[in-house]
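Source file: run-v8.pdb; contents: PDB, C-alpha atoms and all ligand atoms.
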```pdb
ATOM      1  CA  MET A 721       0.000   0.000   0.000  1.00  0.00           C
ATOM      2  CA  SER A 722       1.249   3.468  -0.827  1.00  0.00           C
ATOM      3  CA  GLY A 723       0.856   6.601   1.389  1.00  0.00           C
ATOM      4  CA  LYS A 724      -0.176   6.722   4.951  1.00  0.00           C
ATOM      5  CA  GLU A 725      -3.548   5.736   6.015  1.00  0.00           C
ATOM      6  CA  LYS A 726      -5.465   8.521   7.503  1.00  0.00           C
ATOM      7  CA  GLN A 727      -6.309   7.961  11.081  1.00  0.00           C
ATOM      8  CA  TYR A 728      -9.480   9.138  12.715  1.00  0.00           C
ATOM      9  CA  TYR A 729     -10.158   9.326  16.379  1.00  0.00           C
ATOM     10  CA  LYS A 730     -13.578   8.628  17.565  1.00  0.00           C
ATOM     11  CA  ILE A 731     -14.818  10.891  20.303  1.00  0.00           C
ATOM     12  CA  ARG A 732     -18.098  10.468  21.993  1.00  0.00           C
ATOM     13  CA  LYS A 733     -20.443  13.317  21.250  1.00  0.00           C
ATOM     14  CA  ARG A 734     -20.936  13.960  24.941  1.00  0.00           C
ATOM     15  CA  HIS A 735     -17.195  14.349  25.495  1.00  0.00           C
ATOM     16  CA  LEU A 736     -16.937  16.750  22.605  1.00  0.00           C
ATOM     17  CA  TRP A 737     -19.604  19.003  24.116  1.00  0.00           C
ATOM     18  CA  ILE A 738     -17.886  18.922  27.480  1.00  0.00           C
ATOM     19  CA  ALA A 739     -14.602  19.946  25.839  1.00  0.00           C
ATOM     20  CA  ILE A 740     -16.246  22.810  23.934  1.00  0.00           C
ATOM     21  CA  GLY A 741     -18.099  23.899  27.055  1.00  0.00           C
ATOM     22  CA  THR A 742     -14.900  23.962  29.116  1.00  0.00           C
ATOM     23  CA  MET A 743     -13.091  25.946  26.461  1.00  0.00           C
ATOM     24  CA  LEU A 744     -15.900  28.498  26.262  1.00  0.00           C
ATOM     25  CA  ALA A 745     -15.940  28.798  30.041  1.00  0.00           C
ATOM     26  CA  ILE A 746     -12.178  29.436  30.072  1.00  0.00           C
ATOM     27  CA  ILE A 747     -12.534  32.096  27.373  1.00  0.00           C
ATOM     28  CA  VAL A 748     -15.405  33.809  29.219  1.00  0.00           C
ATOM     29  CA  ILE A 749     -13.562  33.714  32.549  1.00  0.00           C
ATOM     30  CA  THR A 750     -10.334  35.100  31.073  1.00  0.00           C
ATOM     31  CA  TYR A 751     -12.208  37.783  29.227  1.00  0.00           C
ATOM     32  CA  TYR A 752     -14.422  38.867  32.107  1.00  0.00           C
ATOM     33  CA  LYS A 753     -11.976  38.047  34.913  1.00  0.00           C
ATOM     34  CA  GLN A 754     -11.810  41.650  36.054  1.00  0.00           C
ATOM     35  CA  ASP A 755     -15.584  42.081  36.062  1.00  0.00           C
ATOM     36  CA  LEU A 756     -16.172  38.766  37.801  1.00  0.00           C
ATOM     37  CA  TYR A 757     -13.583  39.658  40.428  1.00  0.00           C
ATOM     38  CA  LYS A 758     -15.268  43.014  40.941  1.00  0.00           C
ATOM     39  CA  MET A 759     -18.679  41.358  41.293  1.00  0.00           C
ATOM     40  CA  TRP A 760     -17.267  38.983  43.890  1.00  0.00           C
ATOM     41  CA  GLN A 761     -15.543  41.856  45.690  1.00  0.00           C
ATOM     42  CA  HIS A 762     -18.715  43.926  45.806  1.00  0.00           C
ATOM     43  CA  LYS A 763     -20.597  40.965  47.277  1.00  0.00           C
ATOM     44  CA  GLN A 764     -18.196  40.943  50.253  1.00  0.00           C
ATOM     45  CA  GLY A 765     -19.322  44.419  51.299  1.00  0.00           C
ATOM     46  CA  ARG A 766     -17.538  47.579  52.261  1.00  0.00           C
ATOM     47  CA  GLU A 767     -15.417  48.542  55.214  1.00  0.00           C
ATOM     48  CA  ASP A 768     -14.057  51.793  56.603  1.00  0.00           C
ATOM     49  CA  VAL A 769     -10.406  52.800  56.430  1.00  0.00           C
ATOM     50  CA  THR A 770      -9.776  54.684  59.651  1.00  0.00           C
ATOM     51  CA  TYR A 771      -6.770  55.874  61.587  1.00  0.00           C
ATOM     52  CA  GLU A 772      -8.279  56.261  65.031  1.00  0.00           C
ATOM     53  CA  GLY A 773      -6.309  56.450  68.243  1.00  0.00           C
ATOM     54  CA  ILE A 774      -2.977  57.309  66.639  1.00  0.00           C
ATOM     55  CA  LYS A 775      -0.657  59.004  69.107  1.00  0.00           C
ATOM     56  CA  SER A 776       1.672  61.865  68.347  1.00  0.00           C
ATOM     57  CA  GLU A 777       5.353  61.212  68.974  1.00  0.00           C
ATOM     58  CA  LEU A 778       6.341  64.854  68.721  1.00  0.00           C
ATOM     59  CA  LYS A 779       8.107  65.963  71.907  1.00  0.00           C
ATOM     60  CA  ASN A 780       7.908  69.717  71.428  1.00  0.00           C
ATOM     61  CA  ASN A 781       4.545  70.993  70.146  1.00  0.00           C
ATOM     62  CA  ARG A 782       6.206  74.161  68.906  1.00  0.00           C
ATOM     63  CA  GLU A 783       7.959  71.979  66.306  1.00  0.00           C
ATOM     64  CA  CYS A 784       4.625  70.870  64.829  1.00  0.00           C
ATOM     65  CA  TYR A 785       4.702  70.982  61.025  1.00  0.00           C
ATOM     66  CA  LEU A 786       1.155  72.401  60.841  1.00  0.00           C
ATOM     67  CA  CYS A 787       0.645  74.781  63.776  1.00  0.00           C
ATOM     68  CA  GLY A 788       4.233  75.124  64.996  1.00  0.00           C
ATOM     69  CA  ASN A 789       7.386  76.623  63.608  1.00  0.00           C
ATOM     70  CA  SER A 790       9.396  73.719  62.281  1.00  0.00           C
ATOM     71  CA  ASP A 791      12.100  74.917  59.912  1.00  0.00           C
ATOM     72  CA  ARG A 792      11.302  72.016  57.674  1.00  0.00           C
ATOM     73  CA  SER A 793       7.707  73.069  57.085  1.00  0.00           C
ATOM     74  CA  LEU A 794       6.579  75.943  54.868  1.00  0.00           C
ATOM     75  CA  MET A 795       3.452  76.404  56.980  1.00  0.00           C
ATOM     76  CA  GLY A 796       5.087  79.145  59.047  1.00  0.00           C
ATOM     77  CA  TYR A 797       5.326  81.231  55.882  1.00  0.00           C
ATOM     78  CA  TYR A 798       1.925  80.293  54.428  1.00  0.00           C
ATOM     79  CA  ARG A 799       0.072  80.960  57.681  1.00  0.00           C
ATOM     80  CA  LYS A 800       0.303  84.668  56.816  1.00  0.00           C
ATOM     81  CA  PHE A 801      -1.780  84.026  53.717  1.00  0.00           C
ATOM     82  CA  ASP A 802      -5.511  84.567  53.636  1.00  0.00           C
ATOM     83  CA  THR A 803      -5.949  81.772  51.100  1.00  0.00           C
ATOM     84  CA  ILE A 804      -6.004  78.001  50.867  1.00  0.00           C
ATOM     85  CA  GLY A 805      -3.555  75.336  49.801  1.00  0.00           C
ATOM     86  CA  LEU A 806      -2.836  71.666  49.487  1.00  0.00           C
ATOM     87  CA  ILE A 807      -0.457  69.486  51.498  1.00  0.00           C
ATOM     88  CA  SER A 808       1.277  66.405  50.163  1.00  0.00           C
ATOM     89  CA  LEU A 809       1.423  64.589  53.503  1.00  0.00           C
ATOM     90  CA  ASN A 810       4.203  62.049  52.999  1.00  0.00           C
ATOM     91  CA  ASP A 811       6.843  64.633  52.205  1.00  0.00           C
ATOM     92  CA  TRP A 812       4.960  67.524  53.842  1.00  0.00           C
ATOM     93  CA  TYR A 813       5.082  69.610  50.710  1.00  0.00           C
ATOM     94  CA  VAL A 814       2.745  72.612  51.013  1.00  0.00           C
ATOM     95  CA  VAL A 815       1.403  74.204  47.834  1.00  0.00           C
ATOM     96  CA  ASP A 816      -0.452  77.452  47.577  1.00  0.00           C
ATOM     97  CA  PHE A 817      -3.234  77.580  44.976  1.00  0.00           C
ATOM     98  CA  GLY A 818      -2.018  81.025  43.945  1.00  0.00           C
ATOM     99  CA  LEU A 819      -5.461  82.626  44.276  1.00  0.00           C
ATOM    100  CA  GLN A 820      -3.829  85.768  45.599  1.00  0.00           C
ATOM    101  CA  GLU A 821      -0.342  87.091  44.938  1.00  0.00           C
ATOM    102  CA  TYR A 822       1.869  87.951  47.887  1.00  0.00           C
ATOM    103  CA  ASP A 823       5.205  89.677  48.318  1.00  0.00           C
ATOM    104  CA  GLU A 824       8.167  88.037  50.043  1.00  0.00           C
ATOM    105  CA  GLN A 825       6.892  89.030  53.498  1.00  0.00           C
ATOM    106  CA  GLY A 826       3.504  87.479  52.785  1.00  0.00           C
ATOM    107  CA  ASN A 827       1.638  90.769  52.252  1.00  0.00           C
ATOM    108  CA  PRO A 828      -1.059  90.621  49.562  1.00  0.00           C
ATOM    109  CA  LEU A 829      -0.169  92.275  46.270  1.00  0.00           C
ATOM    110  CA  LYS A 830      -2.690  94.109  44.179  1.00  0.00           C
ATOM    111  CA  SER A 831      -2.741  92.473  40.778  1.00  0.00           C
ATOM    112  CA  ASP A 832      -4.582  94.114  37.943  1.00  0.00           C
ATOM    113  CA  SER A 833      -3.010  92.270  35.072  1.00  0.00           C
ATOM    114  CA  ALA A 834      -4.829  89.289  33.670  1.00  0.00           C
ATOM    115  CA  HIS A 835      -2.392  86.447  33.531  1.00  0.00           C
ATOM    116  CA  THR A 836      -2.221  82.773  34.234  1.00  0.00           C
ATOM    117  CA  SER A 837       0.847  81.303  35.830  1.00  0.00           C
ATOM    118  CA  THR A 838       1.670  77.646  35.627  1.00  0.00           C
ATOM    119  CA  GLN A 839       4.158  75.819  37.767  1.00  0.00           C
ATOM    120  CA  MET A 840       5.416  72.260  37.704  1.00  0.00           C
ATOM    121  CA  THR A 841       7.039  70.665  40.705  1.00  0.00           C
ATOM    122  CA  ASN A 842       8.294  67.169  41.260  1.00  0.00           C
ATOM    123  CA  THR A 843       8.974  66.497  44.910  1.00  0.00           C
ATOM    124  CA  GLY A 844      10.223  62.972  44.307  1.00  0.00           C
ATOM    125  CA  GLU A 845       7.073  61.709  45.983  1.00  0.00           C
ATOM    126  CA  VAL A 846       4.427  63.468  43.918  1.00  0.00           C
ATOM    127  CA  SER A 847       4.385  65.624  40.833  1.00  0.00           C
ATOM    128  CA  ILE A 848       2.303  68.756  41.086  1.00  0.00           C
ATOM    129  CA  MET A 849       1.108  71.193  38.469  1.00  0.00           C
ATOM    130  CA  THR A 850      -0.493  74.420  39.599  1.00  0.00           C
ATOM    131  CA  SER A 851      -2.183  76.862  37.332  1.00  0.00           C
ATOM    132  CA  SER A 852      -3.643  80.078  38.626  1.00  0.00           C
ATOM    133  CA  SER A 853      -5.320  83.255  37.413  1.00  0.00           C
ATOM    134  CA  PRO A 854      -5.254  85.391  40.569  1.00  0.00           C
ATOM    135  CA  ASN A 855      -7.184  88.333  39.158  1.00  0.00           C
ATOM    136  CA  ARG A 856     -10.052  85.983  38.237  1.00  0.00           C
ATOM    137  CA  GLY A 857      -9.782  84.141  41.534  1.00  0.00           C
ATOM    138  CA  MET A 858      -9.398  80.798  39.790  1.00  0.00           C
ATOM    139  CA  ALA A 859      -6.767  78.122  40.276  1.00  0.00           C
ATOM    140  CA  SER A 860      -6.193  74.408  39.921  1.00  0.00           C
ATOM    141  CA  ILE A 861      -3.741  71.901  41.293  1.00  0.00           C
ATOM    142  CA  ASP A 862      -3.116  68.657  39.480  1.00  0.00           C
ATOM    143  CA  VAL A 863      -1.350  65.964  41.504  1.00  0.00           C
ATOM    144  CA  SER A 864       0.127  62.701  40.218  1.00  0.00           C
ATOM    145  CA  LEU A 865       0.618  60.265  43.056  1.00  0.00           C
ATOM    146  CA  PRO A 866       3.009  57.330  43.012  1.00  0.00           C
ATOM    147  CA  GLU A 867       1.596  53.891  42.237  1.00  0.00           C
ATOM    148  CA  ASN A 868       0.321  52.085  45.361  1.00  0.00           C
ATOM    149  CA  TYR A 869       0.351  55.321  47.333  1.00  0.00           C
ATOM    150  CA  LYS A 870      -0.492  55.261  51.012  1.00  0.00           C
ATOM    151  CA  PRO A 871      -0.194  57.729  53.860  1.00  0.00           C
ATOM    152  CA  ASP A 872       2.980  57.453  55.935  1.00  0.00           C
ATOM    153  CA  ILE A 873       1.354  57.545  59.376  1.00  0.00           C
ATOM    154  CA  LYS A 874       4.659  57.041  61.227  1.00  0.00           C
ATOM    155  CA  MET A 875       6.054  60.182  59.636  1.00  0.00           C
ATOM    156  CA  LEU A 876       2.939  62.157  60.617  1.00  0.00           C
ATOM    157  CA  GLN A 877       3.220  60.948  64.220  1.00  0.00           C
ATOM    158  CA  LYS A 878       6.743  62.353  64.360  1.00  0.00           C
ATOM    159  CA  ARG A 879       5.871  65.663  62.730  1.00  0.00           C
ATOM    160  CA  LEU A 880       2.542  66.730  64.219  1.00  0.00           C
ATOM    161  CA  CYS A 881       1.194  67.626  67.646  1.00  0.00           C
ATOM    162  CA  GLN A 882      -1.768  65.532  68.829  1.00  0.00           C
ATOM    163  CA  ALA A 883      -4.414  68.125  67.855  1.00  0.00           C
ATOM    164  CA  CYS A 884      -3.048  68.491  64.312  1.00  0.00           C
ATOM    165  CA  LEU A 885      -2.494  64.752  63.954  1.00  0.00           C
ATOM    166  CA  ASP A 886      -6.164  64.177  64.854  1.00  0.00           C
ATOM    167  CA  LYS A 887      -7.282  66.711  62.242  1.00  0.00           C
ATOM    168  CA  ILE A 888      -5.151  65.102  59.538  1.00  0.00           C
ATOM    169  CA  THR A 889      -6.040  61.496  60.351  1.00  0.00           C
ATOM    170  CA  ASP A 890      -9.764  62.419  60.455  1.00  0.00           C
ATOM    171  CA  SER A 891      -9.399  63.792  56.937  1.00  0.00           C
ATOM    172  CA  LEU A 892      -7.839  60.511  55.773  1.00  0.00           C
ATOM    173  CA  GLU A 893     -10.906  58.438  56.615  1.00  0.00           C
ATOM    174  CA  THR A 894     -12.409  56.682  53.660  1.00  0.00           C
ATOM    175  CA  SER A 895     -14.090  53.424  52.770  1.00  0.00           C
ATOM    176  CA  LYS A 896     -13.321  50.579  50.412  1.00  0.00           C
ATOM    177  CA  TRP A 897     -14.496  47.162  49.300  1.00  0.00           C
ATOM    178  CA  LYS A 898     -13.419  44.599  51.865  1.00  0.00           C
ATOM    179  CA  TYR A 899     -10.821  42.905  49.653  1.00  0.00           C
ATOM    180  CA  GLU A 900      -9.801  46.010  47.740  1.00  0.00           C
ATOM    181  CA  LYS A 901      -6.187  47.145  48.141  1.00  0.00           C
ATOM    182  CA  LYS A 902      -7.207  50.772  48.447  1.00  0.00           C
ATOM    183  CA  GLN A 903      -5.414  53.219  50.709  1.00  0.00           C
ATOM    184  CA  ALA A 904      -6.190  56.767  51.762  1.00  0.00           C
ATOM    185  CA  ILE A 905      -4.840  59.432  49.419  1.00  0.00           C
ATOM    186  CA  PRO A 906      -1.882  61.136  51.172  1.00  0.00           C
ATOM    187  CA  LEU A 907      -3.178  64.639  50.448  1.00  0.00           C
ATOM    188  CA  CYS A 908      -5.348  67.194  52.208  1.00  0.00           C
ATOM    189  CA  LEU A 909      -6.493  70.763  51.774  1.00  0.00           C
ATOM    190  CA  VAL A 910      -5.587  73.427  54.295  1.00  0.00           C
ATOM    191  CA  ASP A 911      -7.052  76.803  55.095  1.00  0.00           C
ATOM    192  CA  PHE A 912      -3.937  78.893  55.778  1.00  0.00           C
ATOM    193  CA  LYS A 913      -5.945  81.309  57.898  1.00  0.00           C
ATOM    194  CA  THR A 914      -7.774  78.913  60.243  1.00  0.00           C
ATOM    195  CA  LEU A 915      -5.500  75.841  59.836  1.00  0.00           C
ATOM    196  CA  GLU A 916      -8.613  73.750  59.240  1.00  0.00           C
ATOM    197  CA  ILE A 917      -7.977  70.600  57.227  1.00  0.00           C
ATOM    198  CA  TYR A 918     -10.286  69.312  54.459  1.00  0.00           C
ATOM    199  CA  ALA A 919     -10.296  65.803  53.021  1.00  0.00           C
ATOM    200  CA  VAL A 920      -8.999  64.933  49.576  1.00  0.00           C
ATOM    201  CA  GLN A 921     -10.468  61.418  49.402  1.00  0.00           C
ATOM    202  CA  ASP A 922     -12.550  60.052  46.545  1.00  0.00           C
ATOM    203  CA  TRP A 923     -15.854  60.354  48.478  1.00  0.00           C
ATOM    204  CA  HIS A 924     -15.258  64.088  48.814  1.00  0.00           C
ATOM    205  CA  ILE A 925     -15.937  65.915  45.580  1.00  0.00           C
ATOM    206  CA  GLY A 926     -16.278  69.486  46.767  1.00  0.00           C
ATOM    207  CA  CYS A 927     -16.760  71.889  49.633  1.00  0.00           C
ATOM    208  CA  SER A 928     -16.669  75.539  50.512  1.00  0.00           C
ATOM    209  CA  ILE A 929     -13.868  76.941  52.647  1.00  0.00           C
ATOM    210  CA  ARG A 930     -14.769  80.456  53.780  1.00  0.00           C
ATOM    211  CA  ASP A 931     -14.965  82.492  50.558  1.00  0.00           C
ATOM    212  CA  TYR A 932     -13.540  79.713  48.424  1.00  0.00           C
ATOM    213  CA  TRP A 933     -15.157  76.837  46.618  1.00  0.00           C
ATOM    214  CA  VAL A 934     -13.128  73.758  45.775  1.00  0.00           C
ATOM    215  CA  ASP A 935     -14.030  70.718  43.743  1.00  0.00           C
ATOM    216  CA  MET A 936     -12.064  67.533  43.298  1.00  0.00           C
ATOM    217  CA  GLU A 937     -11.793  64.917  40.557  1.00  0.00           C
ATOM    218  CA  TYR A 938     -10.116  61.559  40.987  1.00  0.00           C
ATOM    219  CA  ASP A 939      -8.722  59.234  38.356  1.00  0.00           C
ATOM    220  CA  GLU A 940      -6.513  56.382  39.541  1.00  0.00           C
ATOM    221  CA  GLU A 941      -3.257  58.057  40.688  1.00  0.00           C
ATOM    222  CA  ARG A 942      -4.338  61.498  39.571  1.00  0.00           C
ATOM    223  CA  VAL A 943      -6.189  64.108  41.594  1.00  0.00           C
ATOM    224  CA  GLU A 944      -7.313  67.440  40.220  1.00  0.00           C
ATOM    225  CA  VAL A 945      -8.467  70.159  42.592  1.00  0.00           C
ATOM    226  CA  ASN A 946     -10.068  73.340  41.272  1.00  0.00           C
ATOM    227  CA  ALA A 947     -10.436  76.336  43.544  1.00  0.00           C
ATOM    228  CA  TYR A 948     -12.490  79.490  43.063  1.00  0.00           C
ATOM    229  CA  TYR A 949     -12.703  82.678  45.074  1.00  0.00           C
ATOM    230  CA  LEU A 950     -16.396  83.416  45.476  1.00  0.00           C
ATOM    231  CA  PRO A 951     -16.930  86.237  47.955  1.00  0.00           C
ATOM    232  CA  THR A 952     -20.465  87.209  48.924  1.00  0.00           C
ATOM    233  CA  ARG A 953     -21.852  90.348  47.285  1.00  0.00           C
ATOM    234  CA  GLU A 954     -21.737  93.430  49.446  1.00  0.00           C
TER     235      GLU A 954
HETATM  236 ZN    ZN B1001       0.066  71.162  65.655  1.00  0.00          ZN
END
```
Serialized structure, structure tokens:
Amino acid sequence: MSGKEKQYYKIRKRHLWIAIGTMLAIIVITYYKQDLYKMWQHKQGREDVTYEGIKSELKNNRECYLCGNSDRSLMGYYRKFDTIGLISLNDWYVVDFGLQEYDEQGNPLKSDSAHTSTQMTNTGEVSIMTSSSPNRGMASIDVSLPENYKPDIKMLQKRLCQACLDKITDSLETSKWKYEKKQAIPLCLVDFKTLEIYAVQDWHIGCSIRDYWVDMEYDEERVEVNAYYLPTRE
């Protein structure tokens, strides 16, 4: 005989259907893995992320980075301002929105020229872009956080007095799905005049701070905060 005989394998119909079914299931699971995981996660419920009962380790309250006079904090300078700002907590980098221009001593400057100033800063921890139009009373801060960001609580304990630590940790409270690897965003807003702290967490999308209105947008590692000066009419 010439040539090879073709060989056929006989498979039971039932087995064939099982094989096809398994393959389809694998395809569906791979394709919708993310969605299925999310569905499962959402079924497990939510839980709060809190930082209650954290004790300050600062020995001298006058060295507090928020209300004290630590040389390593810019708050001492910004406290003269009548405006608001943002703090990157892990490296304690304080940014002014630039809603009002000040001279070197922190006295407000009268600005009558319409201009927008943009500034880029990379602190090594976060990268920050501020854009402000002081004579329109409009400003925005765009922050890019590192991947898998989380607040460095130990650092805060060393830098803040108990009262300030409580304010900051309160602002870090958030909630997440039980098995979600979410952490609080290591940012907060500060009123330079009153030293009140306002949350920058994804549940918080806006608030008024005295004569200012701020709104926040969150997208993965990016946070955009817009601020507007909206004084009441006389
Ligand atoms: Zn303090």
Would you please work out which residue, of A:Leu806, A:Ile873, A:Leu736, A:Ile905, is nearest to Tyr938 (chain A) when using all atoms listed in the file?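 Using all atoms listed in the file, the shortest distance to Tyr938 (chain A) belongs to A:Ile905.
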Please list as a list in words every residue within 10 Å of region 876-882 of chain A, counting only C-alpha atoms and excluding residues in the same chain fewer than 4 positions away. Ile774, Lys775, Ser776, Glu777, Leu778, Lys779, Asn780, Asn781, Arg782, Glu783, Cys784, Tyr785, Leu786, Cys787, Gly788, Ser790, Arg792, Ser793, Leu809, Asn810, Asp811, Trp812, Pro871, Asp872, Asp886, Lys887, Ile888 and Thr889 of chain A
Resolved residues for the PyMOL selection byres (((chain A and resi 855-870) around 8) and not hetatm) as number ranges by chain: A: 817-820, 831-835, 845-854, 871-872, 903-906, 941-950
The residue from A:Ser808, A:Asn789, A:Ser928, A:Thr803 with the smallest atom-to-atom distance to ligand ZN 1001 (chain B), counting only C-alpha atoms and all ligand atoms, is A:Asn789
Skip Ile929 (chain A) itself and residues of its chain fewer than 6 positions away, then list as number ranges by chain all residues within 12 Å of it, counting all atoms listed in the file. A: 802-805, 909-919, 935, 947-951
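One distance worth recording is that between CA of Asp890 (chain A) and CA of Cys927 (chain A), which is 16.0 Å.
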8 Å per side around region 788-805 of chain A: axis-aligned box centre and edge lengths, as lines of an AutoDock Vina configuration file:
```
center_x = 3.0
center_y = 78.3
center_z = 57.4
size_x = 34.1
size_y = 28.7
size_z = 31.2
```
Please list, as a list in words, the residues that have an atom at most 7 Å away from (-9.5, 55.5, 61.2) in the coordinates of this file, counting all atoms listed in the file.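 The distance filter leaves exactly Val769, Thr770, Tyr771, Glu772, Thr889, Asp890 and Glu893 of chain A.
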Can you tell me how far CA of Gly765 (chain A) sits from CA of Val920 (chain A), in Å to one decimal? 23.0 Å
Mind pulling up the distance from CA of Leu829 (chain A) to CA of Lys800 (chain A)?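 Taking CA of Lys800 (chain A) as the start and CA of Leu829 (chain A) as the end point, the length is 13.0 Å.
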Return the single residue from A:Ala883, A:Ala745, A:Leu794, A:Met875 that is closest to ligand ZN 1001 (chain B), with distances computed using all atoms listed in the file.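 Closest residue, counting all atoms listed in the file: A:Ala883.
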Nearest to Ser895 (chain A) by atom-to-atom distance, counting only C-alpha atoms, from A:Lys830, A:His735, A:His924, A:Lys730: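 Closest to Ser895 (chain A) of all the choices is A:His924.
Of the residues listed (A:Asn827, A:Leu885, A:Gln754, A:Met759), A:Leu885 shows the shortest atom-to-atom separation from ligand ZN 1001 (chain B); distances use all atoms listed in the file.
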Would you list the contacts of Gly826 (chain A) as a PDB file with C-alpha atoms, keeping the file's coordinate frame, taking every protein, DNA or RNA residue within 9 Å and counting all atoms listed in the file, but skipping same-chain residues closer than 5 positions in sequence?
```
ATOM      1  CA  TYR A 797       5.326  81.231  55.882  1.00  0.00           C
ATOM      2  CA  TYR A 798       1.925  80.293  54.428  1.00  0.00           C
ATOM      3  CA  ARG A 799       0.072  80.960  57.681  1.00  0.00           C
ATOM      4  CA  LYS A 800       0.303  84.668  56.816  1.00  0.00           C
ATOM      5  CA  PHE A 801      -1.780  84.026  53.717  1.00  0.00           C
ATOM      6  CA  GLU A 821      -0.342  87.091  44.938  1.00  0.00           C
TER       7      GLU A 821
END
```
Closest of A:Glu940, A:Ile738, A:Gly796, A:His762 to ligand ZN 1001 (chain B) - atom-to-atom distances counting all atoms listed in the file: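 Result for the nearest residue to ligand ZN 1001 (chain B): A:Gly796.
The neighbours of Gln761 (chain A) here are the residues that come within 9 Å of it, using only C-alpha atoms and leaving out any residue fewer than 3 positions away in the same chain; they are Leu756, Tyr757, Lys758, Gln764, Gly765, Arg766, Trp897, Lys898, Tyr899 and Glu900 of chain A.
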